[in-house]
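Listing of final-v8.tsv; format and content: TSV, C-alpha atoms and all ligand atoms.
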```
chain	number	residue	atom	x	y	z
A	10	MET	CA	-19.91	-16.31	-22.11
A	11	SER	CA	-22.61	-14.09	-20.71
A	12	ARG	CA	-21.23	-12.27	-17.76
A	13	SER	CA	-24.59	-12.83	-16.06
A	14	ALA	CA	-23.18	-16.25	-15.19
A	15	ALA	CA	-20.20	-14.66	-13.46
A	16	ALA	CA	-20.09	-13.46	-9.88
A	17	LYS	CA	-22.08	-10.39	-8.92
A	18	PRO	CA	-19.44	-7.71	-8.44
A	19	ILE	CA	-21.69	-4.69	-7.84
A	20	PHE	CA	-22.94	-3.84	-4.39
A	21	ASP	CA	-25.41	-1.13	-5.38
A	22	ILE	CA	-26.35	1.38	-8.05
A	23	THR	CA	-27.04	5.06	-7.39
A	24	PRO	CA	-29.34	5.87	-10.29
A	25	PHE	CA	-28.64	9.60	-10.56
A	26	THR	CA	-25.95	12.06	-9.52
A	27	ILE	CA	-25.00	15.54	-10.65
A	28	LEU	CA	-22.05	15.74	-8.24
A	29	ASP	CA	-19.77	12.81	-8.99
A	30	PHE	CA	-18.94	13.23	-12.69
A	31	THR	CA	-18.32	16.89	-13.41
A	32	GLY	CA	-20.28	18.10	-16.40
A	33	TYR	CA	-22.40	14.97	-16.81
A	34	LEU	CA	-25.63	13.57	-15.47
A	35	ALA	CA	-24.49	10.19	-14.26
A	36	CYS	CA	-25.21	7.10	-12.22
A	37	ILE	CA	-22.79	5.30	-9.91
A	38	ALA	CA	-22.05	1.58	-9.77
A	39	TRP	CA	-20.55	0.68	-6.39
A	40	PHE	CA	-18.26	-2.32	-6.65
A	41	ALA	CA	-17.95	-4.56	-3.62
A	42	LYS	CA	-14.53	-5.31	-2.10
A	43	CYS	CA	-11.38	-3.28	-1.70
A	44	ASN	CA	-7.69	-4.03	-1.27
A	45	MET	CA	-7.21	-1.20	1.22
A	46	ARG	CA	-8.54	-0.84	4.74
A	47	CYS	CA	-8.58	2.88	5.43
A	48	PRO	CA	-9.83	3.22	9.01
A	49	TYR	CA	-11.95	6.27	8.11
A	50	CYS	CA	-13.70	4.44	5.25
A	51	TYR	CA	-17.41	5.09	5.55
A	52	ASN	CA	-18.34	2.22	3.25
A	53	PRO	CA	-17.39	-0.83	5.35
A	54	HIS	CA	-20.53	-2.61	4.14
A	55	ILE	CA	-19.27	-2.25	0.55
A	56	VAL	CA	-15.62	-3.05	1.33
A	57	LEU	CA	-16.40	-6.11	3.42
A	58	GLY	CA	-19.72	-7.13	1.89
A	59	GLU	CA	-20.71	-9.14	-1.17
A	60	GLY	CA	-22.04	-7.80	-4.43
A	61	SER	CA	-25.63	-8.57	-5.36
A	62	ILE	CA	-25.87	-7.09	-8.86
A	63	ASP	CA	-24.25	-8.57	-11.95
A	64	THR	CA	-23.03	-6.57	-14.91
A	65	ASP	CA	-25.94	-7.62	-17.13
A	66	GLU	CA	-28.28	-6.00	-14.61
A	67	LEU	CA	-26.20	-2.82	-14.71
A	68	LEU	CA	-26.23	-2.83	-18.52
A	69	SER	CA	-29.96	-3.42	-18.55
A	70	PHE	CA	-30.39	-0.43	-16.24
A	71	LEU	CA	-28.15	1.65	-18.53
A	72	HIS	CA	-30.20	0.63	-21.58
A	73	SER	CA	-33.19	2.18	-19.86
A	74	ARG	CA	-31.22	5.39	-19.26
A	75	VAL	CA	-29.91	5.99	-22.79
A	76	GLY	CA	-30.73	9.60	-23.66
A	77	ARG	CA	-31.41	10.45	-20.02
A	78	LEU	CA	-28.01	9.96	-18.43
A	79	GLU	CA	-24.66	10.89	-19.95
A	80	GLY	CA	-22.09	9.17	-17.77
A	81	VAL	CA	-21.37	6.20	-15.53
A	82	VAL	CA	-19.14	6.36	-12.46
A	83	LEU	CA	-17.51	3.07	-11.51
A	84	SER	CA	-16.71	3.36	-7.84
A	85	GLY	CA	-16.60	1.22	-4.73
A	86	GLY	CA	-14.90	-0.35	-2.89
A	87	GLU	CA	-12.28	-0.60	-5.60
A	88	CYS	CA	-13.73	-1.16	-9.07
A	89	THR	CA	-10.35	-1.97	-10.65
A	90	LEU	CA	-10.28	-5.27	-8.74
A	91	TYR	CA	-13.05	-6.54	-11.01
A	92	PRO	CA	-11.23	-8.67	-13.60
A	93	GLU	CA	-13.75	-8.01	-16.40
A	94	LEU	CA	-13.69	-4.25	-15.99
A	95	HIS	CA	-12.39	-3.56	-19.50
A	96	ASN	CA	-15.20	-5.62	-21.06
A	97	LEU	CA	-17.76	-3.85	-18.91
A	98	CYS	CA	-16.35	-0.44	-19.83
A	99	ARG	CA	-16.49	-1.41	-23.50
A	100	ASP	CA	-20.16	-2.38	-23.17
A	101	ILE	CA	-20.91	0.88	-21.36
A	102	LYS	CA	-19.13	2.94	-24.01
A	103	GLU	CA	-21.03	1.12	-26.76
A	104	LEU	CA	-24.23	2.39	-25.18
A	105	GLY	CA	-22.88	5.91	-25.60
A	106	PHE	CA	-22.01	6.77	-22.01
A	107	LYS	CA	-18.90	8.49	-20.72
A	108	VAL	CA	-17.03	6.42	-18.12
A	109	LYS	CA	-15.37	7.69	-14.97
A	110	ILE	CA	-13.28	5.50	-12.67
A	111	ASP	CA	-12.90	6.23	-8.96
A	112	THR	CA	-9.77	4.43	-7.81
A	113	ASN	CA	-7.33	4.14	-4.94
A	114	GLY	CA	-4.59	3.78	-7.56
A	115	SER	CA	-3.58	0.26	-6.62
A	116	ARG	CA	-4.00	-1.16	-10.14
A	117	PRO	CA	-1.93	0.95	-12.55
A	118	ASP	CA	-1.87	-1.88	-15.10
A	119	THR	CA	-5.65	-1.91	-15.24
A	120	LEU	CA	-5.72	1.85	-15.77
A	121	ARG	CA	-3.20	1.41	-18.57
A	122	VAL	CA	-5.32	-1.22	-20.37
A	123	LEU	CA	-8.47	0.88	-20.02
A	124	ALA	CA	-6.68	3.97	-21.30
A	125	GLU	CA	-4.99	2.21	-24.21
A	126	GLU	CA	-8.35	0.83	-25.35
A	127	LYS	CA	-9.91	4.30	-24.89
A	128	LEU	CA	-12.47	2.93	-22.48
A	129	ILE	CA	-12.31	5.65	-19.83
A	130	ASP	CA	-12.97	9.38	-20.04
A	131	CYS	CA	-12.11	10.51	-16.54
A	132	VAL	CA	-10.35	9.19	-13.43
A	133	ALA	CA	-10.47	10.32	-9.81
A	134	LEU	CA	-7.32	9.09	-8.08
A	135	ASP	CA	-7.30	8.91	-4.29
A	136	PHE	CA	-3.75	9.63	-3.18
A	137	LYS	CA	-4.09	8.37	0.36
A	138	ALA	CA	-0.90	9.49	2.07
A	139	PRO	CA	2.83	10.05	1.62
A	140	LEU	CA	4.98	6.94	1.96
A	141	PRO	CA	5.82	7.22	5.70
A	142	LEU	CA	2.10	7.43	6.56
A	143	PHE	CA	0.69	5.20	3.85
A	144	LYS	CA	0.45	2.01	5.88
A	145	ALA	CA	-1.16	3.70	8.87
A	146	THR	CA	-3.66	5.40	6.56
A	147	THR	CA	-4.57	2.41	4.39
A	148	ARG	CA	-3.43	-0.67	6.36
A	149	CYS	CA	-1.65	-1.88	3.23
A	150	ASP	CA	1.64	-1.52	1.33
A	151	LEU	CA	0.40	-0.26	-2.01
A	152	TYR	CA	2.11	3.13	-2.06
A	153	ASP	CA	4.32	2.26	-5.04
A	154	LYS	CA	1.27	1.23	-7.07
A	155	THR	CA	-0.43	4.53	-6.27
A	156	LEU	CA	2.65	6.41	-7.43
A	157	GLN	CA	2.76	4.34	-10.63
A	158	SER	CA	-0.89	5.19	-11.28
A	159	LEU	CA	-0.20	8.87	-10.74
A	160	ARG	CA	2.74	8.78	-13.14
A	161	PHE	CA	0.79	6.88	-15.74
A	162	LEU	CA	-2.19	9.24	-15.56
A	163	ILE	CA	0.02	12.32	-15.85
A	164	GLN	CA	1.68	11.09	-19.03
A	165	SER	CA	-1.52	9.56	-20.49
A	166	GLY	CA	-3.32	12.83	-21.17
A	167	ILE	CA	-6.51	11.42	-19.63
A	168	ASN	CA	-8.74	13.87	-17.80
A	169	PHE	CA	-8.10	13.08	-14.13
A	170	GLU	CA	-8.00	14.59	-10.69
A	171	VAL	CA	-6.12	13.76	-7.51
A	172	ARG	CA	-7.82	13.91	-4.15
A	173	THR	CA	-7.17	13.02	-0.55
A	174	THR	CA	-9.57	12.40	2.31
A	175	VAL	CA	-8.17	14.16	5.36
A	176	HIS	CA	-8.63	12.83	8.87
A	177	THR	CA	-6.28	14.96	10.92
A	178	ASP	CA	-5.56	12.13	13.35
A	179	LEU	CA	-3.84	10.50	10.35
A	180	LEU	CA	-2.72	13.38	8.11
A	181	ASN	CA	-1.57	16.82	9.25
A	182	GLU	CA	-0.45	19.86	7.25
A	183	ASN	CA	3.07	18.44	6.79
A	184	ALA	CA	1.63	15.23	5.36
A	185	ILE	CA	-0.53	17.14	2.90
A	186	ASN	CA	2.45	19.30	1.93
A	187	SER	CA	4.44	16.12	1.30
A	188	ILE	CA	1.75	15.00	-1.15
A	189	VAL	CA	1.78	18.45	-2.74
A	190	ASP	CA	5.55	18.08	-3.18
A	191	ILE	CA	5.08	14.68	-4.84
A	192	LEU	CA	2.41	16.04	-7.19
A	193	SER	CA	4.51	19.08	-8.00
A	194	ASN	CA	7.64	17.00	-8.62
A	195	GLU	CA	5.68	14.72	-10.93
A	196	ASN	CA	4.42	17.79	-12.85
A	197	TYR	CA	0.75	17.31	-11.97
A	198	ASN	CA	-0.88	20.49	-13.22
A	199	GLY	CA	-4.48	19.91	-12.17
A	200	THR	CA	-6.24	20.83	-8.95
A	201	TYR	CA	-5.50	18.80	-5.84
A	202	TYR	CA	-8.75	18.27	-3.93
A	203	LEU	CA	-8.90	17.77	-0.17
A	204	GLN	CA	-11.99	16.28	1.41
A	205	ASN	CA	-12.36	16.63	5.14
A	206	TYR	CA	-13.43	13.46	6.85
A	207	LEU	CA	-17.04	13.80	7.96
A	208	HIS	CA	-17.98	11.63	10.88
A	209	ALA	CA	-19.99	8.58	9.90
A	210	GLU	CA	-21.72	6.21	12.26
A	211	LYS	CA	-19.83	3.20	10.94
A	212	THR	CA	-16.31	3.27	9.54
A	213	LEU	CA	-13.82	0.48	8.96
A	214	GLY	CA	-11.69	1.53	11.89
A	215	ASP	CA	-14.33	3.14	14.11
A	216	MET	CA	-12.76	6.56	13.58
A	217	GLN	CA	-14.24	9.43	15.50
A	218	GLN	CA	-14.54	12.98	14.19
A	219	SER	CA	-11.16	14.58	13.51
A	220	SER	CA	-9.82	16.25	16.63
A	221	LYS	CA	-8.87	19.37	14.67
A	222	THR	CA	-9.09	20.83	11.20
A	223	LEU	CA	-6.23	21.54	8.83
A	224	ASN	CA	-4.76	25.02	9.09
A	225	LYS	CA	-5.07	26.21	5.50
A	226	GLU	CA	-2.47	28.92	6.18
A	227	LEU	CA	0.15	26.20	6.59
A	228	LEU	CA	-0.56	24.48	3.28
A	229	SER	CA	1.89	24.77	0.42
A	230	ASP	CA	0.87	26.81	-2.62
A	231	LYS	CA	3.11	24.92	-5.05
A	232	ILE	CA	0.01	23.60	-6.80
A	233	ARG	CA	-3.66	24.57	-6.74
A	234	VAL	CA	-5.35	23.05	-3.67
A	235	GLU	CA	-9.10	23.15	-3.08
A	236	PHE	CA	-11.30	21.83	-0.32
A	237	ARG	CA	-14.46	19.94	-1.17
A	238	ARG	CA	-17.54	19.79	1.08
B	301	LIG	S1	-11.74	4.55	1.61
B	301	LIG	FE1	-10.07	3.02	1.57
B	301	LIG	S2	-11.02	1.09	2.25
B	301	LIG	FE2	-12.70	2.49	1.68
B	301	LIG	S3	-13.16	2.02	-0.46
B	301	LIG	FE3	-11.67	3.71	-0.47
B	301	LIG	S4	-9.64	2.72	-0.60
B	301	LIG	FE4	-11.13	1.15	0.00
```

Would it be possible to restate this file's structure as C-alpha cells?
Amino acid sequence: MSRSAAAKPIFDITPFTILDFTGYLACIAWFAKCNMRCPYCYNPHIVLGEGSIDTDELLSFLHSRVGRLEGVVLSGGECTLYPELHNLCRDIKELGFKVKIDTNGSRPDTLRVLAEEKLIDCVALDFKAPLPLFKATTRCDLYDKTLQSLRFLIQSGINFEVRTTVHTDLLNENAINSIVDILSNENYNGTYYLQNYLHAEKTLGDMQQSSKTLNKELLSDKIRVEFRR
C-alpha cells in the first residue's frame, strides 16, 4: 500500500541544517504528536497539532536533494510514535541518506528494530530527568522506558548522544548530578550535553525564563559534560 494513503504524520520539514546532524548537511522532518508533556516544550504546536505532510511528500523532497544533502533528522514531537517509521527509514536509506533519530527514549523497542535492521546511523536521546523528578518534568511515567533506551543504545554500538534540557525551576545541580551518576553507572562513555532552556513565547506549560542558571562548579566530573547554546 502506498503510504500516501496513510495519515500525514509530519508537521513540517526544515529543508537545510548544518547544526542538527554533526558532520552532515541535513534536513529535519518534524513529526507531529508526542507522548510526553514537558512544560518547557517550545513546540506545543507540533506536540498538540496535526501533521500535514505524508511520507511520500518527504521522500519526493528527498529525491530532489540527492547529492545535495547527506542526512535526514527525524525529530518532533516524538518520531518513534509513527508506526511505519522503520519502512520510512528504509526508504530514506535507499536514497543514500544517513538517518538520525531525535527521541525522548520512550520507545526502546522501536529503537531496537531500527538498529537491528541497520536503519539508523545516529540517535540523540533526551534524558529528561532522574526518576524522582521525571513526572514533574515530563508529566508522564515513562522513566523506565528512557532507561531501557539508554541501556540498549549503550550496548548497541550505535553512534548516539545523551542530552538534557535544563530549566532550573525543574532541574538543579543535584538533579543533573543524579543523571550523571546514572550515565556513569551504565558505562556511557560519550559526552553528556546540557541545553539551557531559552525562553520561548509559547511553551506547553507556559514556563517563564529559568530563575537562575546552573552553577557549573557544582556539577560532577564523573563523565564529560558540555553545555550547548
Ligand atoms: S520537549 Fe517533551 S513534550 Fe516537547 S517534543 Fe520533546 S519530549 Fe515531547

Atom CA of Asn198 of chain A and atom CA of Leu34 of chain A are how many Å apart? 25.8 Å

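Taking atom CA of Pro18 of chain A as the reference point, atom CA of Cys88 of chain A is found at 8.7 Å.
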
Rows by chain and residue number, segment 112-136 of chain A within 10 Å of segment 173-178 of chain A, shortest pair, all atoms listed in the file, as JSON lines:
```
{"residue": "A:Asn113", "atom": "CA", "partner": "A:Thr173", "partner_atom": "CA", "distance": 9.9}
{"residue": "A:Leu134", "atom": "CA", "partner": "A:Thr173", "partner_atom": "CA", "distance": 8.5}
{"residue": "A:Asp135", "atom": "CA", "partner": "A:Thr173", "partner_atom": "CA", "distance": 5.6}
{"residue": "A:Phe136", "atom": "CA", "partner": "A:Thr173", "partner_atom": "CA", "distance": 5.5}
```

I'd like the interatomic distance between atom CA of Glu59 of chain A and atom CA of Glu93 of chain A, to a tenth of an Å. 16.8 Å

7 Å shell around ligand LIG 301 (chain B) using only C-alpha atoms and all ligand atoms, listed as an MDAnalysis selection string: chainID A and resid 43:47 49:53 56 85:87 113 147

Here is a test: counting all atoms listed in the file, which residue of A:Phe20, A:Tyr33, A:Tyr152, A:Tyr197 is nearest to Val171 of chain A?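 Among A:Phe20, A:Tyr33, A:Tyr152, A:Tyr197, it is A:Tyr197 that comes nearest to Val171 of chain A.
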
Find the residue from A:Val81, A:Asp63, A:Glu125, A:Leu140 that sits nearest to Thr23 of chain A; use all atoms listed in the file when measuring. A:Val81

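Of the residues listed (A:Ser193, A:Val108, A:Lys225, A:Lys211), A:Lys225 shows the shortest atom-to-atom separation from Asn181 of chain A; distances use only C-alpha atoms.
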
Please list as number ranges by chain every residue within 9 Å of Phe169 of chain A, counting only C-alpha atoms and excluding residues in the same chain fewer than 4 positions away. A: 130-134, 162-163, 199

Taking 5 positions as the minimum chain separation for residues in the same chain, which residues sit within 12 Å of Leu151 of chain A when counting all atoms listed in the file? Answer as a ChimeraX atom specification. /A:44-46,113-117,136-140,142-146,156-158

If I wrap all listed atoms of segment 131-142 of chain A in a box with edges along x, y and z and add 6 Å on each side, what are its centre and edge lengths in Å to one decimal, as lines of an AutoDock Vina configuration file?
```
center_x = -3.1
center_y = 8.7
center_z = -5.0
size_x = 29.9
size_y = 15.6
size_z = 35.1
```

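When all atoms listed in the file are used to measure the gap to Ile232 of chain A, the shortest distance among A:Tyr201, A:Cys98, A:Ser220, A:Glu210 belongs to A:Tyr201.
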
Who sits within 12 Å of Asp118 of chain A, all atoms listed in the file, same chain under 4 positions skipped, as a PyMOL selection string: chain A and resi 89-90+92+95+114+122-125+154-155+157-162

Using all atoms listed in the file, which residues sit within 10 Å of Gly76 of chain A once same-chain residues fewer than 4 positions away are excluded, as a PyMOL selection string? chain A and resi 71-72+104-106

Considering all atoms listed in the file, state which residue in the set A:Lys17, A:Glu182, A:Ile129, A:Leu83 is at the smallest distance from Thr64 of chain A.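 Counting all atoms listed in the file, the residue closest to Thr64 of chain A is A:Lys17.
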
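Ranking A:Thr222, A:Ser84, A:Asn183, A:Thr31 by their shortest atom-to-atom distance to Glu170 of chain A, with all atoms listed in the file included, puts A:Thr31 first.
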
Would you kindly return, as a ChimeraX atom specification, each protein, DNA or RNA residue with an atom no farther than 12 Å from any atom of Phe25 of chain A, considering all atoms listed in the file and excluding same-chain residues fewer than 5 positions away? /A:30,33-38,70-71,74,77-82
